[in-house]
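Colleague: So here's final_27.cif (mmCIF, C-alpha atoms).
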```
data_query
#
loop_
_atom_site.group_PDB
_atom_site.id
_atom_site.type_symbol
_atom_site.label_atom_id
_atom_site.label_comp_id
_atom_site.auth_asym_id
_atom_site.auth_seq_id
_atom_site.Cartn_x
_atom_site.Cartn_y
_atom_site.Cartn_z
ATOM 1 C CA MET K 1 0.000 0.000 0.000
ATOM 2 C CA PHE K 2 1.110 3.556 -0.731
ATOM 3 C CA LYS K 3 0.263 6.465 1.515
ATOM 4 C CA LEU K 4 -1.624 9.239 -0.239
ATOM 5 C CA SER K 5 1.435 11.533 -0.318
ATOM 6 C CA GLU K 6 3.676 8.730 -1.627
ATOM 7 C CA PHE K 7 1.257 7.895 -4.430
ATOM 8 C CA ALA K 8 0.884 11.569 -5.349
ATOM 9 C CA GLY K 9 4.670 11.926 -5.559
ATOM 10 C CA LEU K 10 5.020 8.857 -7.761
ATOM 11 C CA MET K 11 2.308 10.064 -10.139
ATOM 12 C CA GLY K 12 3.530 13.664 -10.173
ATOM 13 C CA VAL K 13 0.215 15.135 -9.006
ATOM 14 C CA SER K 14 -1.028 16.862 -5.861
ATOM 15 C CA ARG K 15 -2.662 15.118 -2.914
ATOM 16 C CA SER K 16 -5.940 16.813 -3.797
ATOM 17 C CA GLY K 17 -5.618 15.482 -7.336
ATOM 18 C CA VAL K 18 -5.325 11.908 -6.036
ATOM 19 C CA ILE K 19 -8.337 12.428 -3.748
ATOM 20 C CA LYS K 20 -10.292 13.651 -6.771
ATOM 21 C CA TRP K 21 -9.353 10.470 -8.663
ATOM 22 C CA ILE K 22 -10.538 8.379 -5.721
ATOM 23 C CA LYS K 23 -13.888 10.187 -5.525
ATOM 24 C CA GLU K 24 -14.377 9.884 -9.298
ATOM 25 C CA GLY K 25 -13.663 6.153 -9.104
ATOM 26 C CA ARG K 26 -10.606 6.377 -11.352
ATOM 27 C CA ILE K 27 -8.439 4.553 -8.821
ATOM 28 C CA ARG K 28 -9.159 2.055 -6.071
ATOM 29 C CA ALA K 29 -8.237 3.133 -2.540
ATOM 30 C CA ILE K 30 -8.814 2.008 1.026
ATOM 31 C CA ASN K 31 -9.701 4.342 3.881
ATOM 32 C CA ILE K 32 -8.227 3.283 7.219
ATOM 33 C CA HIS K 33 -9.043 5.497 10.226
ATOM 34 C CA GLY K 34 -9.573 8.498 7.961
ATOM 35 C CA ARG K 35 -6.398 7.985 5.906
ATOM 36 C CA TRP K 36 -6.332 6.912 2.274
ATOM 37 C CA TYR K 37 -4.057 4.090 1.101
ATOM 38 C CA ILE K 38 -3.647 3.043 -2.524
ATOM 39 C CA PRO K 39 -2.691 -0.546 -3.472
ATOM 40 C CA GLU K 40 0.559 -0.929 -5.398
ATOM 41 C CA SER K 41 -1.404 -2.738 -8.094
ATOM 42 C CA GLU K 42 -3.168 0.552 -8.906
ATOM 43 C CA TYR K 43 0.158 2.252 -9.536
ATOM 44 C CA TRP K 44 1.216 -0.446 -11.974
ATOM 45 C CA ARG K 45 -2.201 -0.423 -13.658
ATOM 46 C CA LEU K 46 -1.937 3.300 -14.327
ATOM 47 C CA THR K 47 1.705 3.254 -15.433
ATOM 48 C CA LYS K 48 1.657 0.016 -17.418
ATOM 49 C CA GLY K 49 1.760 1.767 -20.756
ATOM 50 C CA PHE K 50 4.254 4.329 -19.531
ATOM 51 C CA TYR K 51 6.805 1.660 -18.606
ATOM 52 C CA ALA K 52 5.979 -0.913 -21.293
ATOM 53 C CA GLY K 53 8.704 0.271 -23.673
ATOM 54 C CA LEU K 54 11.620 -0.007 -21.237
ATOM 55 C CA LYS K 55 14.280 -2.274 -22.725
ATOM 56 C CA ARG K 56 17.520 -1.144 -21.074
ATOM 57 C CA ILE K 57 17.625 -0.360 -17.366
ATOM 58 C CA ALA K 58 20.437 0.841 -15.122
ATOM 59 C CA ILE K 59 20.207 -0.353 -11.525
ATOM 60 C CA TYR K 60 21.942 2.192 -9.302
ATOM 61 C CA ALA K 61 22.964 1.216 -5.761
ATOM 62 C CA ARG K 62 24.902 3.335 -3.277
ATOM 63 C CA VAL K 63 26.236 3.194 0.275
ATOM 64 C CA SER K 64 28.363 5.763 2.081
ATOM 65 C CA ASN K 65 31.458 3.777 3.069
ATOM 66 C CA ASN K 66 33.319 0.471 2.795
ATOM 67 C CA THR K 67 31.892 -0.858 6.065
ATOM 68 C CA GLN K 68 28.489 -1.093 4.307
ATOM 69 C CA LYS K 69 29.546 -3.418 1.483
ATOM 70 C CA ASP K 70 27.154 -6.128 2.690
ATOM 71 C CA ASP K 71 24.330 -3.569 2.585
ATOM 72 C CA LEU K 72 25.372 -2.632 -0.944
ATOM 73 C CA GLU K 73 25.113 -6.234 -2.119
ATOM 74 C CA ARG K 74 21.699 -6.658 -0.454
ATOM 75 C CA GLN K 75 20.543 -3.471 -2.121
ATOM 76 C CA ILE K 76 21.664 -4.749 -5.529
ATOM 77 C CA THR K 77 19.984 -8.129 -5.005
ATOM 78 C CA SER K 78 16.663 -6.545 -4.037
ATOM 79 C CA LEU K 79 16.798 -4.236 -7.064
ATOM 80 C CA GLU K 80 17.595 -7.124 -9.409
ATOM 81 C CA ASP K 81 14.583 -9.005 -8.042
ATOM 82 C CA TYR K 82 12.451 -5.871 -8.475
ATOM 83 C CA VAL K 83 13.487 -5.390 -12.113
ATOM 84 C CA ARG K 84 12.973 -9.062 -12.975
ATOM 85 C CA GLU K 85 9.490 -8.953 -11.468
ATOM 86 C CA HIS K 86 8.277 -5.666 -12.921
ATOM 87 C CA PHE K 87 10.285 -5.417 -16.169
ATOM 88 C CA PRO K 88 10.925 -9.003 -17.313
ATOM 89 C CA GLN K 89 11.351 -7.781 -20.892
ATOM 90 C CA ALA K 90 14.274 -5.491 -20.021
ATOM 91 C CA GLU K 91 18.022 -6.005 -19.872
ATOM 92 C CA TYR K 92 19.796 -4.342 -16.969
ATOM 93 C CA ILE K 93 23.233 -3.180 -15.914
ATOM 94 C CA VAL K 94 24.337 -2.611 -12.303
ATOM 95 C CA VAL K 95 26.047 0.668 -11.408
ATOM 96 C CA ARG K 96 27.298 1.130 -7.846
ATOM 97 C CA ASP K 97 28.903 3.816 -5.720
ATOM 98 C CA ILE K 98 30.569 3.811 -2.313
ATOM 99 C CA ALA K 99 30.293 7.497 -1.483
ATOM 100 C CA SER K 100 28.170 9.958 0.447
ATOM 101 C CA GLY K 101 24.866 10.986 -1.085
ATOM 102 C CA LEU K 102 26.076 14.567 -0.601
ATOM 103 C CA LYS K 103 28.986 14.032 -2.985
ATOM 104 C CA GLU K 104 28.175 15.249 -6.471
ATOM 105 C CA ASP K 105 31.272 13.912 -8.266
ATOM 106 C CA ARG K 106 30.599 10.174 -7.896
ATOM 107 C CA ARG K 107 32.022 7.762 -10.451
ATOM 108 C CA GLY K 108 28.823 5.725 -10.661
ATOM 109 C CA LEU K 109 26.612 8.795 -10.953
ATOM 110 C CA ARG K 110 28.820 10.180 -13.717
ATOM 111 C CA LYS K 111 28.483 6.843 -15.524
ATOM 112 C CA LEU K 112 24.676 6.996 -15.247
ATOM 113 C CA ILE K 113 24.576 10.488 -16.720
ATOM 114 C CA GLU K 114 26.957 9.498 -19.526
ATOM 115 C CA MET K 115 24.844 6.445 -20.414
ATOM 116 C CA ALA K 116 21.720 8.621 -20.409
ATOM 117 C CA ARG K 117 23.429 11.198 -22.620
ATOM 118 C CA LYS K 118 24.405 8.502 -25.115
ATOM 119 C CA ARG K 119 20.878 7.032 -25.065
ATOM 120 C CA GLN K 120 22.218 3.697 -23.791
ATOM 121 C CA ILE K 121 19.496 3.281 -21.140
ATOM 122 C CA ASP K 122 15.755 3.887 -20.903
ATOM 123 C CA ALA K 123 15.438 4.050 -17.100
ATOM 124 C CA VAL K 124 17.362 4.314 -13.836
ATOM 125 C CA VAL K 125 16.055 2.232 -10.922
ATOM 126 C CA VAL K 126 17.059 3.061 -7.338
ATOM 127 C CA ALA K 127 15.947 1.527 -4.057
ATOM 128 C CA TYR K 128 15.190 4.866 -2.366
ATOM 129 C CA ARG K 129 15.302 8.491 -3.474
ATOM 130 C CA ASP K 130 18.360 9.340 -1.397
ATOM 131 C CA ARG K 131 20.339 6.432 -2.869
ATOM 132 C CA LEU K 132 20.546 8.599 -5.988
ATOM 133 C CA THR K 133 21.255 11.799 -4.065
ATOM 134 C CA ARG K 134 20.663 13.136 -0.584
ATOM 135 C CA PHE K 135 19.438 16.498 -1.944
ATOM 136 C CA GLY K 136 18.280 17.614 -5.373
ATOM 137 C CA PHE K 137 16.549 14.416 -6.493
ATOM 138 C CA LYS K 138 14.118 16.385 -8.667
ATOM 139 C CA TYR K 139 16.961 18.090 -10.541
ATOM 140 C CA LEU K 140 18.577 14.767 -11.434
ATOM 141 C CA GLU K 141 15.171 13.343 -12.335
ATOM 142 C CA GLN K 142 14.614 16.242 -14.734
ATOM 143 C CA LEU K 143 18.110 15.834 -16.183
ATOM 144 C CA PHE K 144 17.524 12.145 -16.928
ATOM 145 C CA ASN K 145 14.073 12.967 -18.293
ATOM 146 C CA ALA K 146 15.636 15.461 -20.718
ATOM 147 C CA TYR K 147 17.553 12.518 -22.197
ATOM 148 C CA GLY K 148 14.396 10.403 -22.332
ATOM 149 C CA VAL K 149 15.408 8.331 -19.292
ATOM 150 C CA ARG K 150 12.842 7.612 -16.568
ATOM 151 C CA THR K 151 13.742 7.516 -12.887
ATOM 152 C CA ILE K 152 12.035 4.757 -10.895
ATOM 153 C CA VAL K 153 12.100 4.521 -7.089
ATOM 154 C CA ALA K 154 11.512 0.903 -6.143
ATOM 155 C CA PHE K 155 10.812 1.202 -2.420
ATOM 156 C CA HIS K 156 9.407 3.987 -0.295
ATOM 157 C CA GLU K 157 10.496 3.495 3.283
ATOM 158 C CA GLU K 158 14.183 3.567 4.232
ATOM 159 C CA PRO K 159 15.448 0.672 6.367
ATOM 160 C CA LYS K 160 16.145 1.601 9.961
ATOM 161 C CA ASP K 161 19.837 0.729 9.626
ATOM 162 C CA TYR K 162 20.443 3.820 7.475
ATOM 163 C CA TYR K 163 20.378 5.961 10.623
ATOM 164 C CA GLN K 164 24.169 6.062 10.920
ATOM 165 C CA GLU K 165 24.506 7.243 7.336
ATOM 166 C CA LEU K 166 22.100 10.107 8.028
ATOM 167 C CA VAL K 167 24.158 11.045 11.103
ATOM 168 C CA GLU K 168 27.365 11.144 9.053
ATOM 169 C CA ASP K 169 25.740 13.337 6.422
ATOM 170 C CA LEU K 170 24.381 15.681 9.105
ATOM 171 C CA ILE K 171 27.862 16.117 10.566
ATOM 172 C CA ALA K 172 29.292 16.723 7.085
ATOM 173 C CA ILE K 173 26.709 19.451 6.392
ATOM 174 C CA VAL K 174 27.292 21.199 9.731
ATOM 175 C CA THR K 175 31.068 20.966 9.282
ATOM 176 C CA SER K 176 30.864 22.512 5.819
ATOM 177 C CA PHE K 177 28.667 25.443 6.871
ATOM 178 C CA ALA K 178 30.573 26.085 10.106
ATOM 179 C CA GLY K 179 33.820 26.196 8.131
ATOM 180 C CA ARG K 180 32.389 28.789 5.746
ATOM 181 C CA ILE K 181 30.972 30.944 8.530
ATOM 182 C CA TYR K 182 33.779 30.829 11.104
ATOM 183 C CA GLY K 183 36.796 29.482 9.206
ATOM 184 C CA LYS K 184 38.148 25.994 9.816
ATOM 185 C CA ARG K 185 40.954 27.199 12.080
ATOM 186 C CA SER K 186 38.724 29.118 14.468
ATOM 187 C CA ARG K 187 37.854 27.986 17.973
ATOM 188 C CA LYS K 188 34.156 28.552 17.290
ATOM 189 C CA TYR K 189 34.285 26.172 14.317
ATOM 190 C CA ARG K 190 35.773 23.411 16.444
ATOM 191 C CA LYS K 191 33.216 24.075 19.175
ATOM 192 C CA VAL K 192 30.256 23.815 16.771
ATOM 193 C CA VAL K 193 31.518 20.568 15.227
ATOM 194 C CA GLU K 194 32.323 19.006 18.627
ATOM 195 C CA THR K 195 28.890 19.977 19.974
ATOM 196 C CA VAL K 196 27.046 18.395 17.026
ATOM 197 C CA GLU K 197 29.157 15.229 17.183
ATOM 198 C CA GLN K 198 28.462 14.897 20.892
ATOM 199 C CA ALA K 199 24.737 15.561 20.394
ATOM 200 C CA VAL K 200 24.301 12.767 17.836
ATOM 201 C CA LYS K 201 26.244 10.330 20.041
ATOM 202 C CA ASP K 202 23.919 11.029 22.980
ATOM 203 C CA PRO K 203 21.458 8.113 23.183
#
```
Translate this file's structure into structure tokens.

Modeller:
Amino acid sequence: MFKLSEFAGLMGVSRSGVIKWIKEGRIRAINIHGRWYIPESEYWRLTKGFYAGLKRIAIYARVSNNTQKDDLERQITSLEDYVREHFPQAEYIVVRDIASGLKEDRRGLRKLIEMARKRQIDAVVVAYRDRLTRFGFKYLEQLFNAYGVRTIVAFHEEPKDYYQELVEDLIAIVTSFAGRIYGKRSRKYRKVVETVEQAVKDP
């Protein structure tokens, strides 16, 4: 089941637009305690024609560091299963990165963009939005779309074990901004970074 907001995001419409579809009977939905949920089957019914022509797919998997290599392999396996189930007609290639989602100059990401530019792929499939990038997902989606490449997010709820990765990215963001504001050699910079690191370690 998709939450209303998740379904709206996938379809590129507003929440009110999805509610209108439900009331008009265009899509099937279930109301649980006042909240609408849409079966995944409805998503595939509506997008069947949209995705029917996909022949070449790039699976993109990413983790932040080398200690997460097992997670990277699990991510790839789940995406391969997803593509085989939903796009049995398509060939796929696996592209992987071991780098922060904040890093723009990733080898795997550059490869994806180059393949899109050369029209070598029809779609990019990622497990979660922030596997592609921590910020600016819409910009990359629009870039791929300009080359005729669709961006497909397979799953919609991050596993709980990605908490540490979020913490590392938070520290990286604070460190970057504190360095710009106070200078990396200043006492205030060190104080800000130490305070944030201590705060995230506090259970």

Colleague: Please provide as a PyMOL selection string all residues within 12 Å of Thr195 of chain K, with the sequence filter that same-chain residues fewer than 6 positions apart are discarded (counting only C-alpha atoms).

Modeller: chain K and resi 171+174-175+178+188-189+201-202

Colleague: Taking the file above as input, evaluate the PyMOL selection byres ((chain K and resi 124-129) around 8) and report the hits as JSON, numbers by chain.

Modeller: {"K": [57, 58, 59, 60, 61, 75, 79, 112, 121, 122, 123, 130, 131, 132, 133, 134, 137, 149, 150, 151, 152, 153, 154, 155, 156, 157, 158]}

Colleague: Write a file of the selected residues as a compact mmCIF listing (two decimals), in the frame of the given file, keeping C-alpha atoms.

Modeller:
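Contents of part04.txt, as written:
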```txt
# COMPACT_ATOMS: atom_id res chain seq x y z
CA ILE K 57 17.62 -0.36 -17.37
CA ALA K 58 20.44 0.84 -15.12
CA ILE K 59 20.21 -0.35 -11.52
CA TYR K 60 21.94 2.19 -9.30
CA ALA K 61 22.96 1.22 -5.76
CA GLN K 75 20.54 -3.47 -2.12
CA LEU K 79 16.80 -4.24 -7.06
CA LEU K 112 24.68 7.00 -15.25
CA ILE K 121 19.50 3.28 -21.14
CA ASP K 122 15.76 3.89 -20.90
CA ALA K 123 15.44 4.05 -17.10
CA ASP K 130 18.36 9.34 -1.40
CA ARG K 131 20.34 6.43 -2.87
CA LEU K 132 20.55 8.60 -5.99
CA THR K 133 21.26 11.80 -4.07
CA ARG K 134 20.66 13.14 -0.58
CA PHE K 137 16.55 14.42 -6.49
CA VAL K 149 15.41 8.33 -19.29
CA ARG K 150 12.84 7.61 -16.57
CA THR K 151 13.74 7.52 -12.89
CA ILE K 152 12.04 4.76 -10.90
CA VAL K 153 12.10 4.52 -7.09
CA ALA K 154 11.51 0.90 -6.14
CA PHE K 155 10.81 1.20 -2.42
CA HIS K 156 9.41 3.99 -0.30
CA GLU K 157 10.50 3.50 3.28
CA GLU K 158 14.18 3.57 4.23
```

Colleague: To one decimal in Å, tell me the separation between atom CA of Lys191 of chain K and atom CA of Glu104 of chain K.

Modeller: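 Computed distance, atom CA of Lys191 of chain K to atom CA of Glu104 of chain K, equals 27.6 Å.
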
Colleague: For Arg84 of chain K, which residue among K:Lys103, K:Lys55, K:Lys111, K:Lys69 is the nearest when counting all atoms listed in the file?

Modeller: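 Once distances to Arg84 of chain K are computed over all atoms listed in the file, the minimum belongs to K:Lys55.
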
Colleague: Tell me, in Å to one decimal, how far atom CA of Ser100 of chain K is from atom CA of Leu140 of chain K.

Modeller: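 Computing the Euclidean distance for atom CA of Ser100 of chain K and atom CA of Leu140 of chain K yields 16.0 Å.
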
Colleague: Please report the interatomic distance between atom CA of Gly53 of chain K and atom CA of Pro39 of chain K in Å with one decimal.

Modeller: 23.2 Å

Colleague: Using all atoms listed in the file, determine which residues lie at most 12 Å from Trp21 of chain K, disregarding the query and same-chain residues fewer than 4 positions distant; provide the list as a list in words.

Modeller: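 Residues near the query, excluding close chain neighbours: Leu4, Phe7, Ala8, Met11, Val13, Ser14, Arg15, Ser16, Gly17, Gly25, Arg26, Ile27, Arg28, Ala29, Trp36, Ile38, Glu42 and Leu46 of chain K.
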
Colleague: Using C-alpha atoms, can you write the selected residues to a file as a compact mmCIF listing (two decimals), keeping the file's coordinate frame?

Modeller:
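File again_27.txt, as written:
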```
# COMPACT_ATOMS: atom_id res chain seq x y z
CA LEU K 4 -1.62 9.24 -0.24
CA PHE K 7 1.26 7.90 -4.43
CA ALA K 8 0.88 11.57 -5.35
CA MET K 11 2.31 10.06 -10.14
CA VAL K 13 0.22 15.14 -9.01
CA SER K 14 -1.03 16.86 -5.86
CA ARG K 15 -2.66 15.12 -2.91
CA SER K 16 -5.94 16.81 -3.80
CA GLY K 17 -5.62 15.48 -7.34
CA GLY K 25 -13.66 6.15 -9.10
CA ARG K 26 -10.61 6.38 -11.35
CA ILE K 27 -8.44 4.55 -8.82
CA ARG K 28 -9.16 2.06 -6.07
CA ALA K 29 -8.24 3.13 -2.54
CA TRP K 36 -6.33 6.91 2.27
CA ILE K 38 -3.65 3.04 -2.52
CA GLU K 42 -3.17 0.55 -8.91
CA LEU K 46 -1.94 3.30 -14.33
```

Colleague: Between K:Arg74, K:Leu166, K:Tyr51, K:Gln89, single out the one closest to Gly101 of chain K, counting all atoms listed in the file.

Modeller: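 Of K:Arg74, K:Leu166, K:Tyr51, K:Gln89, the one nearest Gly101 of chain K is K:Leu166, counting all atoms listed in the file.
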
Colleague: Select segment 45-62 of chain K in the preceding structure and write N, CA and C atoms to a file as a compact mmCIF listing (two decimals), in the first residue's frame.

Modeller:
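Contents of part28.txt, freshly written:
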```txt
# COMPACT_ATOMS: atom_id res chain seq x y z
N ARG K 45 -1.12 -0.48 -12.67
CA ARG K 45 -2.20 -0.42 -13.66
C ARG K 45 -2.15 0.89 -14.43
N LEU K 46 -1.94 1.98 -13.70
CA LEU K 46 -1.94 3.30 -14.33
C LEU K 46 -0.68 3.56 -15.15
N THR K 47 0.44 2.96 -14.76
CA THR K 47 1.71 3.25 -15.43
C THR K 47 2.15 2.15 -16.39
N LYS K 48 1.29 1.16 -16.59
CA LYS K 48 1.66 0.02 -17.42
C LYS K 48 2.13 0.45 -18.81
N GLY K 49 1.38 1.30 -19.43
CA GLY K 49 1.76 1.77 -20.76
C GLY K 49 3.00 2.64 -20.73
N PHE K 50 3.13 3.40 -19.67
CA PHE K 50 4.25 4.33 -19.53
C PHE K 50 5.58 3.58 -19.47
N TYR K 51 5.58 2.42 -18.80
CA TYR K 51 6.81 1.66 -18.61
C TYR K 51 6.96 0.48 -19.58
N ALA K 52 5.97 0.27 -20.43
CA ALA K 52 5.98 -0.91 -21.29
C ALA K 52 7.17 -0.94 -22.24
N GLY K 53 7.64 0.23 -22.67
CA GLY K 53 8.70 0.27 -23.67
C GLY K 53 10.11 0.22 -23.12
N LEU K 54 10.28 0.00 -21.82
CA LEU K 54 11.62 -0.01 -21.24
C LEU K 54 12.36 -1.28 -21.62
N LYS K 55 13.49 -1.12 -22.28
CA LYS K 55 14.28 -2.27 -22.73
C LYS K 55 15.64 -2.35 -22.05
N ARG K 56 16.18 -1.19 -21.66
CA ARG K 56 17.52 -1.14 -21.07
C ARG K 56 17.46 -0.34 -19.78
N ILE K 57 17.76 -0.99 -18.69
CA ILE K 57 17.63 -0.36 -17.37
C ILE K 57 18.97 -0.35 -16.65
N ALA K 58 19.26 0.75 -15.99
CA ALA K 58 20.44 0.84 -15.12
C ALA K 58 19.98 0.75 -13.67
N ILE K 59 20.43 -0.26 -12.96
CA ILE K 59 20.21 -0.35 -11.53
C ILE K 59 21.32 0.45 -10.84
N TYR K 60 20.93 1.39 -10.00
CA TYR K 60 21.94 2.19 -9.30
C TYR K 60 21.83 1.95 -7.80
N ALA K 61 22.93 1.48 -7.20
CA ALA K 61 22.96 1.22 -5.76
C ALA K 61 24.10 2.01 -5.15
N ARG K 62 23.87 2.53 -3.93
CA ARG K 62 24.90 3.33 -3.28
C ARG K 62 24.88 3.14 -1.78
```
